[in-house]
Structure formats: C-alpha cells, structure tokens
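Colleague: My questions will all concern the structure given below.
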Amino acid sequence: MLSYSEIVENIRRANGYWQTNVAPTEETNDVPVAFWDTAAYHTGNMEAYFLLGDESYRAYSEAWAEYNNWVGHPTEAPPEEWTFAYSQDPTSKAALFGDWQTCFQTYFDLYKLDPDPKKIARAKYVADYQLSTGENGYWWWADALYMVMPVYIKLYQTFGDVKYLDALYRFFKFAKELMYDGEDGMPNPVGGGYAHLFYRDGSYVGSEINGIKNFWARGDGWVFAGLAKVLAAMPKDYEHYDYFKRTYLEMAPAIAACQKVDNRGNGFWTQSMLANYPLSDENPEGYETSGTGFFTYGFFWGINHGFLDEETYLPVAERALSYLSRVALHEDGKVGYVQPIGSNATQATPRERTVNFGVGAFLLAMSEAARYAKREK
C-alpha cells in the first residue's frame with residue numbers, strides 16, 4: 001500500500017499536468033465543455049479539492065462552471081419540447097439527456113462552498129420538470145448511473161425533499177431492469193447464470209466476445225462509482241436504501257473476480273471484463289485506466305465506509321492502486337492508457353492516450369485511497 005504522502009503526490013502530479021495543459025474552457029473531445037466528458041473530470045477535481053483544500057483546484061472548476069453559465073444543455077426551448085434521446089449537439093433540445101446533467105454535480109459542490117442560488121437553479125429546474133412528466137426511462141445506458149444519480153442525491157441533500165430520492169429509485173429501477181444481469185435485473189439470465197454486472201445499454205444485452213458475455217469495464221465502473229456516491233449520502237432509513245446497497249454488494253465480488261494482474265502485481269480491468277479483451281502488440285496486457293479508476297474508487301470507498309470486508313477487498317484495491325500509480329501515471333503527470341470515448345471494446349488503448357474523464361477517475365480513486373491511507377496512519 002502506498003503511503004498517504006505518495007498518493008497525494010500522485011494527485012498533484014496528475015492534476016497539475018492536466019490543468020497546466022488544458023484550460024477550463026477548452027473542448028478536448030470536439031464536444032461542448034458542459035458535456036459529460038469534461039464534467040466527469042470535474043467530479044474528480046472537486047474530490048481532490050475536498051481532500052487537499054487546494055484553492056487552485058476549486059478555482060479551475062469555478063471558471064469552468066462560470067463559462068457554462070451554470071447550465072448543462074443550453075437550450076432555451078420550453079421544457080415540453082425537451083428530449084432525452086442521445087445528442088451532444090448544443091443546438092438540439094436534449095436537456096433531459098443525462099450526459100448534459102453531469103455538470104450539476106460540480107455546481108452543487110461549488111454551491112455548498114458559496115451558496116449562490118444561480119449555481120443550482122438550472123439543475124433544480126431540469127430535475128423538477130423530469131419529475132413532472134411521469135416518465136421513468138431517462139437512464140437507458142449505464143453511464144447515466146454515474147452522470148445523474150449523484151445529482152439527485154445532491155438535490156435531496158440541498159432541499160431535503162424525499163421526492164428526489166423517490167425519482168432516483170424509479171429511474172434506477174428502470175435502468176437496472178433493462179441492463180443488469182442479475183436477479184433484480186433482466187428476467188432471464190443470458191447464457192446461463194448471472195454475472196451481476198451491467199450491460200452498456202439495452203442494445204448490448206446478450207452481446208458476446210469470443211463466446212463470453214461482453215461487459216464494458218468503464219460502463220460498470222460508472223455504475224459502481226455512482227452507487228458509492230449514492231450510498232454515501234442516502235439516509236439508511238429510506239425505504240429503498242437496501243435496493244441500492246444490495247446492487248453495490250452484488251457487483252463488488254463480480255468486479256473483483258474480473259481483475260487482471262500483470263507479472264509485477266499491478267491489478268486492472270480490460271475493456272471487456274470477462275473476455276479479457278482487447279489486447280495488442282503495443283498493449284499486450286490490455287491495460288485500461290478509466291474503468292480501473294472508477295472500480296478502485298468504488299472499492300476503497302466500500303472499505304472506508306464499512307460496506308466491504310477489508311481482508312477480502314483491500315488486496316484488490318491495492319493492486320489497482322499500484323496499476324494507477326506505476327503504470328497509468330507517467331513521470332510527467334500524464335494519465336495514460338485511457339480508452340477514448342466509445343462504448344465498446346474495439347481496440348487496445350495505447351499508453352499515451354489520455355482523456356479528461358480518465359483523469360477524473362484517477363483523481364477519484366487516489367482521493368479515496370488517500371483517505372484509507374490517512375486512516376491507517
């Protein structure tokens with residue numbers, strides 16, 4: 001296990017590299033900076049801020065939020081014209097598409113530090129409209145469970161209204177029944193036996209690679225990390241609390257069983273978790289950082305909060321931390337081996353590939369690992 005100071009040094013190197021090379025207003029994936037990819041980075045940046053209190057981290061996210069005018073999708077169309085179909089186009093009306101709502105997580109974090117109502121007005125407006133429609137199918141892809149579930153927890157924390165928890169339950173229940181390969185999910189196991197993992201979306205249910213069920217690591221990473229964020233703040237006496245907890249506890253051993261370990265003891269997850277795919281001459285192990293980062297965060301969170309048995313899961317978390325520190329993190333602070341935007345396991349990720357959300361996952365994982373190391377110290 002790395003020491004607290006070593007983990008903090010990793011955070012400073014990685015975040016320093018990113019913020020030095022990428023301005024808070026810069027589009028890095030040819031999509032608006034209010035979209036999910038940049039917003040996911042900021043969830044990690046704010047986690048690092050809460051750990052270290054580095055005001056430059058907070059200022060970076062504040063500048064980004066101001067640039068976005070504290071909104072997600074910028075449409076000015078009336079809500080009855082909004083849609084939740086996939087769209088990365090800021091001229092569309094896709095304000096209900098969850099990837100445009102990830103940014104609200106950071107807006108709530110910044111609001112908590114300096115309560116100006118403008119920071120969360122759009123988040124509340126969008127959520128309240130969604131609740132008014134009677135529609136439950138907003139989260140039809142696995143990513144949404146990280147992108148938006150924590151928003152509803154923050155709405156509940158801020159306004160104290162149980163309607164946000166009830167909506168969170170309804171929307172999550174729909175997603176689980178659509179995509180989860182488990183008892184509370186799809187009615188029949190595909191191929192015999194439950195994997196207790198989420199398919200990427202409904203169109204991937206039953207998909208295989210080389211005859212093995214195809215579960216996308218980053219997709220399940222989104223879910224596992226999102227559940228940790230939900231359970232961290234959901235009241236234990238909420239009537240559906242155990243529904244979320246059970247999912248997290250079912251996924252943990254399934255994810256742990258998929259961990260690959262290289263000959264130096266570094267633990268990671270390949271893009272297709274069960275199939276150990278893809279591999280290449282350049283990346284023969286199949287290293288991938290974004291899914292590994294979110295899983296590492298989820299395991300350390302579970303250990304830190306008493307959800308996971310330390311003797312069983314700490315070795316898994318430590319091996320993953322070793323991968324992130326010694327393989328993914330370059331000497332100059334670049335976080336490499338990040339699969340670019342894309343939902344499928346199609347090409348082994350090159351060492352030099354870095355992407356904003358992968359850095360966010362790295363910061364989340366390191367921050368939670370640092371809390372463990374500090375506790376043990």
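Ordering of the structure tokens sets the chain letters (A, B, ...); residue numbers start at 1 within each chain; ligands are numbered from 1 in the order shown.
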At a cut-off of 7 Å, can you tabulate as JSON lines every residue of region 229-312 of chain A near region 139-158 of chain A together with its closest atom pair and the distance in Å to one decimal, using only C-alpha atoms and ordering rows by chain then number?

Modeller:
```
{"residue": "A:Lys229", "atom": "CA", "partner": "A:Pro150", "partner_atom": "CA", "distance": 6.0}
{"residue": "A:Val230", "atom": "CA", "partner": "A:Pro150", "partner_atom": "CA", "distance": 5.8}
{"residue": "A:Ala233", "atom": "CA", "partner": "A:Ile153", "partner_atom": "CA", "distance": 6.7}
{"residue": "A:Met234", "atom": "CA", "partner": "A:Ile153", "partner_atom": "CA", "distance": 6.8}
```

Colleague: Kindly provide the residues of region 287-324 of chain A that approach region 269-282 of chain A to within 9 Å, each paired with its closest atom pair and their distance in Å to one decimal, based on only C-alpha atoms, listed by chain and increasing number, as a tab-separated table.

Modeller:
```
residue	atom	partner	partner_atom	distance
A:Tyr287	CA	A:Thr270	CA	5.9
A:Glu288	CA	A:Thr270	CA	5.8
A:Thr289	CA	A:Trp269	CA	8.1
A:Gly291	CA	A:Trp269	CA	6.8
A:Thr292	CA	A:Trp269	CA	5.6
A:Phe295	CA	A:Trp269	CA	8.7
A:Ala320	CA	A:Trp269	CA	8.7
```

Colleague: Could you check how far CA of Arg353 (chain A) sits from CA of Ile11 (chain A), in Å to one decimal?

Modeller: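 Rounded to one decimal, the two atoms are 18.3 Å apart.
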
Colleague: Using only C-alpha atoms, which of the listed residues (A:Trp64, A:Asn266, A:Glu368, A:Asn283) sits closest to Gly336 (chain A)?

Modeller: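 Closest candidate: A:Asn283.
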
Colleague: Per DSSP on the backbone, what are the alpha helix (DSSP H) residues of region 107-296 of chain A, as a ChimeraX atom specification?

Modeller: /A:107-113,118-133,144-147,149-159,163-179,217-233,241-257,289-296

Colleague: Run DSSP on the backbone and give me the residues of region 76-242 of chain A it puts in strand (DSSP E or B), as a PDB file with N, CA and C atoms, in the first residue's frame.

Modeller:
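This went into states.pdb:
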```
ATOM      1  N   TRP A 141     -28.813   3.942 -20.426  1.00  0.00           N
ATOM      2  CA  TRP A 141     -27.439   3.489 -20.680  1.00  0.00           C
ATOM      3  C   TRP A 141     -26.676   3.576 -19.366  1.00  0.00           C
ATOM      4  N   TYR A 180     -29.234  -4.903 -16.129  1.00  0.00           N
ATOM      5  CA  TYR A 180     -28.496  -5.658 -15.119  1.00  0.00           C
ATOM      6  C   TYR A 180     -28.652  -7.146 -15.310  1.00  0.00           C
ATOM      7  N   PHE A 198     -23.593  -4.903 -15.273  1.00  0.00           N
ATOM      8  CA  PHE A 198     -24.487  -4.181 -16.163  1.00  0.00           C
ATOM      9  C   PHE A 198     -23.962  -4.228 -17.595  1.00  0.00           C
ATOM     10  N   ASP A 201     -26.006  -0.924 -22.484  1.00  0.00           N
ATOM     11  CA  ASP A 201     -27.381  -0.450 -22.628  1.00  0.00           C
ATOM     12  C   ASP A 201     -28.216  -1.608 -23.146  1.00  0.00           C
ATOM     13  N   GLU A 208     -21.761 -10.750 -26.928  1.00  0.00           N
ATOM     14  CA  GLU A 208     -20.633 -11.596 -26.534  1.00  0.00           C
ATOM     15  C   GLU A 208     -19.394 -11.242 -27.342  1.00  0.00           C
ATOM     16  N   ILE A 209     -18.245 -11.568 -26.765  1.00  0.00           N
ATOM     17  CA  ILE A 209     -16.962 -11.531 -27.460  1.00  0.00           C
ATOM     18  C   ILE A 209     -16.319 -12.894 -27.278  1.00  0.00           C
ATOM     19  N   ILE A 212     -18.113 -15.148 -24.900  1.00  0.00           N
ATOM     20  CA  ILE A 212     -18.159 -14.746 -23.488  1.00  0.00           C
ATOM     21  C   ILE A 212     -18.961 -13.457 -23.380  1.00  0.00           C
ATOM     22  N   LYS A 213     -19.820 -13.363 -22.356  1.00  0.00           N
ATOM     23  CA  LYS A 213     -20.618 -12.155 -22.172  1.00  0.00           C
ATOM     24  C   LYS A 213     -19.726 -10.913 -22.177  1.00  0.00           C
ATOM     25  N   TRP A 216     -18.670  -4.078 -20.412  1.00  0.00           N
ATOM     26  CA  TRP A 216     -17.719  -2.994 -20.659  1.00  0.00           C
ATOM     27  C   TRP A 216     -17.248  -2.420 -19.327  1.00  0.00           C
TER      28      TRP A 216
END
```

Colleague: Compare A:Thr296, A:Thr349, A:Ser343, A:Ser203 by their minimum atom-to-atom distance to Leu324 (chain A), counting only C-alpha atoms, and give me the closest one.

Modeller: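 Of A:Thr296, A:Thr349, A:Ser343, A:Ser203, the one nearest Leu324 (chain A), counting only C-alpha atoms, is A:Thr296.
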
Colleague: Smallest atom-to-atom distance to Tyr4 (chain A): which of A:Gly360, A:Tyr204, A:Ser367, A:Glu55, using only C-alpha atoms?

Modeller: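 When distances to Tyr4 (chain A) are compared using only C-alpha atoms, the smallest one comes from A:Ser367.
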
Colleague: Rounded to one decimal in Å, what is the spacing between CA of Phe84 (chain A) and CA of Lys119 (chain A)?

Modeller: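 Result for CA of Phe84 (chain A) versus CA of Lys119 (chain A): 22.5 Å, one decimal.
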
Colleague: Wanna dump the region 9-71 of chain A-region 93-112 of chain A contacts at 7 Å for me, each residue with its shortest atom pair and the distance in Å to one decimal, counting only C-alpha atoms, ordered by chain and number, as a Markdown table?

Modeller:
```
| residue | atom | partner | partner_atom | distance |
| --- | --- | --- | --- | --- |
| A:Ala34 | CA | A:Cys103 | CA | 6.3 |
| A:Phe35 | CA | A:Trp100 | CA | 5.2 |
| A:Trp36 | CA | A:Asp99 | CA | 4.8 |
| A:Ala39 | CA | A:Cys103 | CA | 4.8 |
| A:Ala40 | CA | A:Thr102 | CA | 6.8 |
| A:His42 | CA | A:Thr106 | CA | 6.6 |
| A:Thr43 | CA | A:Thr106 | CA | 6.1 |
| A:Ala65 | CA | A:Tyr107 | CA | 6.9 |
| A:Trp70 | CA | A:Tyr107 | CA | 6.8 |
```

Colleague: So that I can check the surroundings of region 5-8 of chain A, please list as a list in words every protein, DNA and RNA residue that reaches within 8 Å of it, counting only C-alpha atoms and ignoring chain neighbours fewer than 5 positions away.

Modeller: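 Once the adjacent positions are removed, what remains is Met366, Ser367, Ala369 and Ala370 of chain A.
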
Colleague: Counting only C-alpha atoms, figure out which residue out of A:Glu76, A:Asp309, A:Glu62, A:Glu9 gets nearest to Pro253 (chain A).

Modeller: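 Selected residue with least distance to Pro253 (chain A): A:Asp309.
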
Colleague: Mind pulling up the distance from CA of Phe299 (chain A) to CA of Ile255 (chain A)?

Modeller: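 Answer for the CA of Ile255 (chain A) to CA of Phe299 (chain A) separation: 9.7 Å.
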
Colleague: Which residues, written as a PyMOL selection string, have at least one atom at most 9 Å from Asn68 (chain A), with only C-alpha atoms counted and residues fewer than 5 positions away on the same chain left out?

Modeller: chain A and resi 25+33-34+63+74

Colleague: Filtering to N, CA and C atoms, could you give me those residues as a PDB file, in the first residue's frame?

Modeller:
```
ATOM      1  N   THR A  25     -11.886  26.091 -20.180  1.00  0.00           N
ATOM      2  CA  THR A  25     -12.865  26.354 -21.235  1.00  0.00           C
ATOM      3  C   THR A  25     -12.550  25.605 -22.535  1.00  0.00           C
ATOM      4  N   VAL A  33     -17.862  21.915 -23.483  1.00  0.00           N
ATOM      5  CA  VAL A  33     -17.243  21.597 -22.196  1.00  0.00           C
ATOM      6  C   VAL A  33     -18.262  21.335 -21.093  1.00  0.00           C
ATOM      7  N   ALA A  34     -19.527  21.660 -21.333  1.00  0.00           N
ATOM      8  CA  ALA A  34     -20.562  21.335 -20.342  1.00  0.00           C
ATOM      9  C   ALA A  34     -20.994  19.883 -20.439  1.00  0.00           C
ATOM     10  N   ALA A  63     -14.182  28.396 -12.703  1.00  0.00           N
ATOM     11  CA  ALA A  63     -14.042  29.059 -14.002  1.00  0.00           C
ATOM     12  C   ALA A  63     -14.803  28.301 -15.083  1.00  0.00           C
ATOM     13  N   PRO A  74     -27.654  24.040 -23.178  1.00  0.00           N
ATOM     14  CA  PRO A  74     -28.007  25.465 -23.167  1.00  0.00           C
ATOM     15  C   PRO A  74     -29.309  25.818 -23.869  1.00  0.00           C
TER      16      PRO A  74
END
```
